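Visitor: Quick one, model21.txt (compact mmCIF, C-alpha atoms):
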```
# COMPACT_ATOMS: atom_id res chain seq x y z
CA MET A 91 -5.70 -4.55 -17.69
CA SER A 92 -6.31 -1.77 -15.19
CA VAL A 93 -9.45 -0.05 -16.48
CA PHE A 94 -12.72 -1.89 -16.00
CA HIS A 95 -15.28 -0.16 -18.15
CA ASN A 96 -18.27 -2.28 -17.20
CA ILE A 97 -18.00 -1.64 -13.47
CA LYS A 98 -16.50 1.82 -14.07
CA LEU A 99 -13.35 1.38 -12.06
CA VAL A 100 -9.68 2.24 -12.56
CA PHE A 101 -7.18 0.13 -10.61
CA VAL A 102 -3.66 1.54 -10.35
CA ARG A 103 -1.50 -1.56 -10.10
CA ILE A 104 1.41 -0.73 -7.81
CA PRO A 105 3.66 -3.83 -7.86
CA LYS A 106 4.08 -6.11 -4.84
CA THR A 107 0.83 -4.93 -3.21
CA ALA A 108 -1.38 -7.95 -4.10
CA SER A 109 -2.15 -6.24 -7.39
CA THR A 110 -2.45 -9.54 -9.31
CA THR A 111 -4.99 -10.91 -6.85
CA ILE A 112 -7.07 -7.74 -6.86
CA ASN A 113 -6.87 -7.37 -10.62
CA GLU A 114 -8.06 -10.92 -11.27
CA SER A 115 -11.08 -10.47 -9.00
CA LEU A 116 -12.00 -7.19 -10.68
CA TYR A 117 -11.52 -8.71 -14.13
CA SER A 118 -13.87 -11.59 -13.34
CA MET A 119 -16.62 -9.28 -12.09
CA ASP A 120 -16.13 -6.85 -14.96
CA CYS A 121 -16.62 -9.71 -17.42
CA TYR A 122 -19.86 -10.66 -15.70
CA ALA A 123 -21.04 -7.05 -15.94
CA LYS A 124 -20.21 -7.03 -19.63
CA TYR A 125 -21.98 -10.22 -20.64
CA PHE A 126 -24.83 -10.59 -18.18
CA THR A 127 -26.03 -7.09 -17.35
CA ASN A 128 -26.97 -3.93 -19.21
CA THR A 129 -23.90 -2.00 -18.07
CA ALA A 130 -21.60 -3.20 -20.84
CA THR A 131 -19.61 -0.76 -22.92
CA GLN A 132 -17.85 -1.31 -26.20
CA HIS A 133 -14.94 0.90 -25.20
CA LYS A 134 -11.66 -0.96 -25.48
CA ASN A 135 -8.89 -1.19 -22.93
CA ILE A 136 -5.93 0.65 -24.34
CA GLU A 137 -3.49 1.03 -21.45
CA ARG A 138 -0.03 0.03 -22.52
CA ASN A 139 1.78 -1.37 -19.49
CA LYS A 140 0.86 -3.57 -16.55
CA HIS A 141 1.94 -1.08 -13.88
CA GLU A 142 1.01 2.34 -15.22
CA THR A 143 0.61 5.40 -13.04
CA ILE A 144 -2.78 7.04 -12.80
CA LYS A 145 -1.46 9.89 -14.95
CA GLU A 146 -0.36 7.44 -17.62
CA ILE A 147 -3.72 5.66 -17.57
CA LEU A 148 -5.69 8.89 -17.84
CA SER A 149 -3.49 10.10 -20.68
CA ASN A 150 -4.60 7.10 -22.76
CA TYR A 151 -8.16 8.43 -22.91
CA GLU A 152 -9.56 11.56 -24.47
CA ASN A 153 -10.86 14.48 -22.43
CA SER A 154 -12.71 13.45 -19.27
CA PHE A 155 -13.79 9.95 -20.33
CA LEU A 156 -12.78 8.38 -16.99
CA ASP A 157 -14.01 11.18 -14.74
CA ASP A 158 -16.89 9.17 -13.28
CA TYR A 159 -14.85 5.99 -12.83
CA TYR A 160 -13.89 5.11 -9.25
CA LYS A 161 -10.10 5.12 -8.96
CA VAL A 162 -8.30 2.78 -6.57
CA ALA A 163 -4.74 1.91 -5.52
CA PHE A 164 -3.12 -0.17 -2.80
CA VAL A 165 0.19 0.69 -1.13
CA ARG A 166 2.60 -1.14 1.17
CA ASN A 167 5.06 -0.37 3.96
CA PRO A 168 8.29 0.50 2.07
CA TRP A 169 10.51 -1.61 4.36
CA SER A 170 8.28 -4.62 3.72
CA TRP A 171 7.89 -3.72 0.05
CA VAL A 172 11.61 -3.92 -0.79
CA VAL A 173 11.98 -7.17 1.16
CA SER A 174 9.19 -8.64 -0.95
CA TYR A 175 10.93 -7.41 -4.11
CA TYR A 176 14.21 -8.91 -2.95
CA HIS A 177 12.72 -12.36 -2.40
CA TYR A 178 10.75 -12.16 -5.63
CA LEU A 179 13.90 -11.43 -7.62
CA SER A 180 15.93 -13.99 -5.68
CA ARG A 181 13.43 -16.69 -6.69
CA SER A 182 13.45 -15.67 -10.33
CA SER A 183 15.82 -17.23 -12.82
CA ASP A 184 15.83 -14.27 -15.20
CA ILE A 185 17.70 -11.57 -13.29
CA ILE A 186 21.26 -10.38 -13.91
CA ILE A 187 23.31 -8.21 -11.62
CA LYS A 188 26.72 -7.27 -12.99
CA ASP A 189 29.20 -5.01 -11.21
CA GLY A 190 26.50 -4.02 -8.72
CA VAL A 191 23.91 -2.83 -11.24
CA PHE A 192 21.13 -4.35 -13.29
CA THR A 193 22.29 -5.02 -16.82
CA HIS A 194 18.89 -4.41 -18.40
CA SER A 195 16.28 -1.73 -17.76
CA LYS A 196 13.30 -4.06 -17.63
CA LEU A 197 12.77 -6.83 -15.10
CA ARG A 198 11.53 -9.27 -17.72
CA GLN A 199 14.73 -8.80 -19.71
CA MET A 200 17.02 -9.74 -16.84
CA LYS A 201 18.42 -13.27 -17.24
CA GLN A 202 19.88 -15.30 -14.30
CA ASN A 203 19.47 -14.74 -10.58
CA ILE A 204 20.57 -12.71 -7.58
CA LYS A 205 20.69 -15.44 -4.98
CA ASN A 206 24.25 -14.52 -4.03
CA THR A 207 23.43 -10.84 -3.57
CA SER A 208 22.98 -9.77 0.05
CA PHE A 209 19.98 -7.74 1.07
CA SER A 210 22.24 -4.80 1.96
CA ASP A 211 23.82 -4.87 -1.50
CA PHE A 212 20.38 -5.13 -3.05
CA LEU A 213 19.29 -1.96 -1.23
CA ARG A 214 22.30 -0.11 -2.62
CA ILE A 215 21.21 -1.14 -6.10
CA VAL A 216 17.65 0.00 -5.38
CA GLU A 217 18.94 3.34 -4.14
CA GLU A 218 21.08 3.87 -7.22
CA LYS A 219 18.24 2.85 -9.53
CA VAL A 220 15.72 5.22 -7.93
CA ILE A 221 18.15 8.14 -8.01
CA SER A 222 19.43 7.54 -11.54
CA GLU A 223 16.02 7.01 -13.12
CA ASN A 224 14.32 9.85 -11.19
CA GLY A 225 10.84 8.74 -12.17
CA GLY A 226 10.53 6.91 -15.47
CA SER A 227 8.17 4.06 -16.21
CA GLN A 228 7.79 1.06 -13.92
CA ALA A 229 9.37 -1.12 -16.58
CA ASP A 230 12.54 0.95 -16.48
CA ASN A 231 12.42 1.82 -12.80
CA PRO A 232 10.69 -1.03 -10.92
CA PHE A 233 11.56 0.50 -7.55
CA ARG A 234 10.05 3.93 -8.19
CA PRO A 235 8.35 5.34 -5.06
CA GLN A 236 4.75 4.30 -4.66
CA HIS A 237 3.34 7.80 -4.31
CA GLU A 238 4.41 8.54 -7.88
CA TYR A 239 1.74 6.13 -9.12
CA ILE A 240 -1.16 8.12 -7.74
CA ILE A 241 -0.34 11.83 -7.53
CA LYS A 242 0.34 14.81 -9.75
CA GLU A 243 2.87 17.43 -8.80
CA GLY A 244 3.00 18.07 -5.08
CA LYS A 245 0.31 16.21 -3.15
CA ASN A 246 -2.57 16.27 -5.61
CA ILE A 247 -4.00 12.75 -5.27
CA LEU A 248 -5.67 11.41 -8.40
CA VAL A 249 -7.34 8.34 -6.89
CA ASP A 250 -10.50 8.10 -4.79
CA PHE A 251 -9.34 5.36 -2.44
CA ILE A 252 -5.93 4.21 -1.17
CA GLY A 253 -5.98 0.78 0.43
CA LYS A 254 -3.12 -0.73 2.40
CA TYR A 255 -1.55 -4.13 1.86
CA GLU A 256 -1.38 -4.53 5.63
CA ASN A 257 -5.17 -4.16 5.82
CA LEU A 258 -5.84 -5.93 2.54
CA ASN A 259 -8.95 -7.94 3.35
CA ASN A 260 -10.73 -5.18 5.23
CA ASP A 261 -9.96 -2.56 2.57
CA TRP A 262 -11.04 -4.95 -0.17
CA LYS A 263 -14.35 -5.59 1.61
CA PHE A 264 -14.86 -1.84 1.92
CA LEU A 265 -14.48 -1.49 -1.85
CA TYR A 266 -16.60 -4.55 -2.52
CA ASN A 267 -19.46 -3.10 -0.49
CA LYS A 268 -19.06 0.52 -1.57
CA LEU A 269 -19.14 -0.35 -5.27
CA LYS A 270 -21.83 -3.01 -4.77
CA LEU A 271 -19.73 -5.59 -6.52
CA ASP A 272 -21.87 -8.40 -5.17
CA GLN A 273 -24.22 -7.88 -8.13
CA TYR A 274 -21.37 -8.97 -10.42
CA ASP A 275 -20.00 -11.73 -8.20
CA ILE A 276 -21.25 -15.18 -9.20
CA ARG A 277 -21.66 -17.41 -6.13
CA ASN A 278 -19.85 -14.80 -4.00
CA GLN A 279 -16.46 -16.00 -5.20
CA HIS A 280 -14.72 -12.68 -4.67
CA VAL A 281 -16.00 -11.49 -1.31
CA ASN A 282 -12.69 -12.65 0.10
CA LEU A 283 -9.44 -12.38 -1.82
CA SER A 284 -7.43 -15.47 -2.62
CA HIS A 285 -3.98 -13.93 -2.41
CA LYS A 286 -1.61 -15.00 -5.20
CA ASN A 287 2.15 -14.55 -5.60
CA ILE A 288 2.73 -14.34 -1.85
CA SER A 289 6.37 -14.04 -0.85
CA ASN A 290 7.10 -16.16 2.21
CA THR A 291 9.49 -13.64 3.71
CA GLY A 292 8.58 -13.92 7.39
CA ASP A 293 8.95 -10.77 9.48
CA TYR A 294 10.51 -8.19 7.16
CA ARG A 295 12.25 -6.55 10.14
CA THR A 296 14.66 -9.49 10.47
CA HIS A 297 16.32 -8.48 7.20
CA TYR A 298 17.46 -5.10 8.52
CA CYS A 299 20.43 -3.61 10.27
CA ASP A 300 20.28 0.00 11.45
CA GLU A 301 22.07 1.26 8.36
CA ASP A 302 19.61 -0.44 6.02
CA ILE A 303 16.63 0.88 7.98
CA GLU A 304 17.93 4.39 7.43
CA ARG A 305 18.72 3.71 3.78
CA VAL A 306 15.12 2.74 3.02
CA SER A 307 13.89 5.65 5.13
CA ALA A 308 15.89 8.02 2.92
CA ILE A 309 14.96 6.41 -0.40
CA TYR A 310 11.25 6.30 0.34
CA LYS A 311 10.81 9.22 2.73
CA LYS A 312 7.89 10.64 0.75
CA ASP A 313 6.08 7.29 0.75
CA ILE A 314 6.65 6.87 4.47
CA ASP A 315 5.34 10.36 5.22
CA PHE A 316 2.57 10.29 2.65
CA PHE A 317 1.08 6.96 3.72
CA ASP A 318 2.00 7.20 7.41
CA TYR A 319 4.30 4.20 7.70
CA SER A 320 6.99 3.37 10.24
CA PHE A 321 9.54 0.59 10.53
```
Would you mind writing the file's structure down as structure tokens?
Guide:
Amino acid sequence: MSVFHNIKLVFVRIPKTASTTINESLYSMDCYAKYFTNTATQHKNIERNKHETIKEILSNYENSFLDDYYKVAFVRNPWSWVVSYYHYLSRSSDIIIKDGVFTHSKLRQMKQNIKNTSFSDFLRIVEEKVISENGGSQADNPFRPQHEYIIKEGKNILVDFIGKYENLNNDWKFLYNKLKLDQYDIRNQHVNLSHKNISNTGDYRTHYCDEDIERVSAIYKKDIDFFDYSF
């Protein structure tokens, strides 16, 4: 779930940005708010997919129901982001690549692995997928640019805070303090994040040749400019 009604927070879960870790901490504190304080609401969570954009989340609710909810997202350096995706898919046993393309539109429907696919070839697949889908849902386009999760047309940002994976603990503590989440944190279990699903990829830069650096730069130019990243 991405909407936490009892602590009045919307978390836009951009994949491969520690979203599982953050979501689990928020879920635990939201449950405490529901059952042990007077802030509980009976409103149900109705978002449909794990990694919805902020526009998709807001569209699930009538009128301005979520206007006073604090809206949060975390982003990641695109060069590091695709390396993390590559290792994640290489470890999985449910991915198929046939003739240089994914054979299914959804990651969870892909059966087998990509261990024999080079990183350079993987980037060509990512490039083709991003171009061919031109938006679409995360399920159909897992490599969609990160900025598409949090903005409307142009540069109209629809979240209140954008944290960075590279500054994860500090940005999390900022949120924790700003939203006074300590009142919902039993025994201070969530002051520090216990990062799950970490890809042991080493220095992402070692995966790149000059051509691949430029390829990612072209695919994710808006993300790089928008979030001020460099290789």
Visitor: For region 268-274 of chain A, find every residue with an atom within 12 Å (counting all atoms listed in the file), except residues of its own chain fewer than 2 positions away, and show them as a PDB file with C-alpha atoms, in the frame of the given file.
Guide:
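Contents of around_33.pdb, as written:
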```
ATOM      1  CA  ASN A  96     -18.270  -2.280 -17.200  1.00  0.00           C
ATOM      2  CA  ILE A  97     -18.000  -1.640 -13.470  1.00  0.00           C
ATOM      3  CA  LYS A  98     -16.500   1.820 -14.070  1.00  0.00           C
ATOM      4  CA  LEU A  99     -13.350   1.380 -12.060  1.00  0.00           C
ATOM      5  CA  SER A 115     -11.080 -10.470  -9.000  1.00  0.00           C
ATOM      6  CA  LEU A 116     -12.000  -7.190 -10.680  1.00  0.00           C
ATOM      7  CA  TYR A 117     -11.520  -8.710 -14.130  1.00  0.00           C
ATOM      8  CA  SER A 118     -13.870 -11.590 -13.340  1.00  0.00           C
ATOM      9  CA  MET A 119     -16.620  -9.280 -12.090  1.00  0.00           C
ATOM     10  CA  ASP A 120     -16.130  -6.850 -14.960  1.00  0.00           C
ATOM     11  CA  CYS A 121     -16.620  -9.710 -17.420  1.00  0.00           C
ATOM     12  CA  TYR A 122     -19.860 -10.660 -15.700  1.00  0.00           C
ATOM     13  CA  ALA A 123     -21.040  -7.050 -15.940  1.00  0.00           C
ATOM     14  CA  LYS A 124     -20.210  -7.030 -19.630  1.00  0.00           C
ATOM     15  CA  TYR A 125     -21.980 -10.220 -20.640  1.00  0.00           C
ATOM     16  CA  PHE A 126     -24.830 -10.590 -18.180  1.00  0.00           C
ATOM     17  CA  THR A 127     -26.030  -7.090 -17.350  1.00  0.00           C
ATOM     18  CA  ASN A 128     -26.970  -3.930 -19.210  1.00  0.00           C
ATOM     19  CA  THR A 129     -23.900  -2.000 -18.070  1.00  0.00           C
ATOM     20  CA  ALA A 130     -21.600  -3.200 -20.840  1.00  0.00           C
ATOM     21  CA  TYR A 159     -14.850   5.990 -12.830  1.00  0.00           C
ATOM     22  CA  TYR A 160     -13.890   5.110  -9.250  1.00  0.00           C
ATOM     23  CA  LYS A 161     -10.100   5.120  -8.960  1.00  0.00           C
ATOM     24  CA  VAL A 162      -8.300   2.780  -6.570  1.00  0.00           C
ATOM     25  CA  ASP A 250     -10.500   8.100  -4.790  1.00  0.00           C
ATOM     26  CA  PHE A 251      -9.340   5.360  -2.440  1.00  0.00           C
ATOM     27  CA  ASP A 261      -9.960  -2.560   2.570  1.00  0.00           C
ATOM     28  CA  TRP A 262     -11.040  -4.950  -0.170  1.00  0.00           C
ATOM     29  CA  LYS A 263     -14.350  -5.590   1.610  1.00  0.00           C
ATOM     30  CA  PHE A 264     -14.860  -1.840   1.920  1.00  0.00           C
ATOM     31  CA  LEU A 265     -14.480  -1.490  -1.850  1.00  0.00           C
ATOM     32  CA  TYR A 266     -16.600  -4.550  -2.520  1.00  0.00           C
ATOM     33  CA  ILE A 276     -21.250 -15.180  -9.200  1.00  0.00           C
ATOM     34  CA  ARG A 277     -21.660 -17.410  -6.130  1.00  0.00           C
ATOM     35  CA  ASN A 278     -19.850 -14.800  -4.000  1.00  0.00           C
ATOM     36  CA  GLN A 279     -16.460 -16.000  -5.200  1.00  0.00           C
ATOM     37  CA  HIS A 280     -14.720 -12.680  -4.670  1.00  0.00           C
ATOM     38  CA  VAL A 281     -16.000 -11.490  -1.310  1.00  0.00           C
ATOM     39  CA  ASN A 282     -12.690 -12.650   0.100  1.00  0.00           C
TER      40      ASN A 282
END
```
Visitor: Counting all atoms listed in the file, which residue out of A:Thr296, A:Asn257, A:Asn246, A:Ser227 sits closest to Asn167 (chain A)?
Guide: A:Asn257
Visitor: Between CA of Glu146 (chain A) and CA of Asn231 (chain A), measure the distance and give it in Å to one decimal.
Guide: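 Interatomic distance here is 14.8 Å.
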Visitor: Extract, using only C-alpha atoms, all DNA, RNA and protein residues at most 12 Å from Ser170 (chain A), discarding same-chain residues fewer than 5 positions from it, and format them as a list in words.
Guide: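 Answer for this query is Lys106, Thr107, Val165, Tyr175, Tyr176, His177, Tyr255, Glu256, Ser289, Asn290, Thr291, Gly292, Asp293, Tyr294, Arg295, Thr296, His297, Tyr298, Ile303, Val306, Ser307, Tyr310, Ile314, Tyr319, Ser320 and Phe321 of chain A.
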Visitor: What does the distance from CA of Lys242 (chain A) to CA of Thr110 (chain A) come to in Å, to one decimal?
Guide: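 Atom-to-atom, CA of Lys242 (chain A) and CA of Thr110 (chain A) are spaced 24.5 Å apart.
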Visitor: I'd like the neighbourhood of Glu142 (chain A) as a VMD selection string, where a residue qualifies if any of its atoms comes within 12 Å (using all atoms listed in the file), though same-chain residues fewer than 3 positions away should be ignored.
Guide: chain A and resid 91 to 93 100 to 105 136 to 139 145 to 150 163 226 to 232 234 236 238 to 240
Visitor: Expressed in Å to a single decimal, how great is the separation between CA of Leu258 (chain A) and CA of Asp315 (chain A)?
Guide: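 CA of Asp315 (chain A) lies at a distance of 19.9 Å from CA of Leu258 (chain A).
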Visitor: Could you put an axis-aligned box around every listed atom of region 223-240 of chain A, padded by 3 Å on each side, and send me its centre and edge lengths in Å to one decimal, as JSON?
Guide:
```
{"center_x": 7.4, "center_y": 4.4, "center_z": -10.4, "size_x": 23.2, "size_y": 17.0, "size_z": 18.3}
```
Visitor: Nearest to Arg214 (chain A) among A:Arg305, A:Ala108, A:Phe316, A:Arg166, with distances taken over all atoms listed in the file: which residue is it?
Guide: A:Arg305
Visitor: Given only C-alpha atoms as the basis, pick out the residue of A:Asp313, A:Phe209, A:Leu156, A:Lys254 nearest to Ser180 (chain A).
Guide: A:Phe209
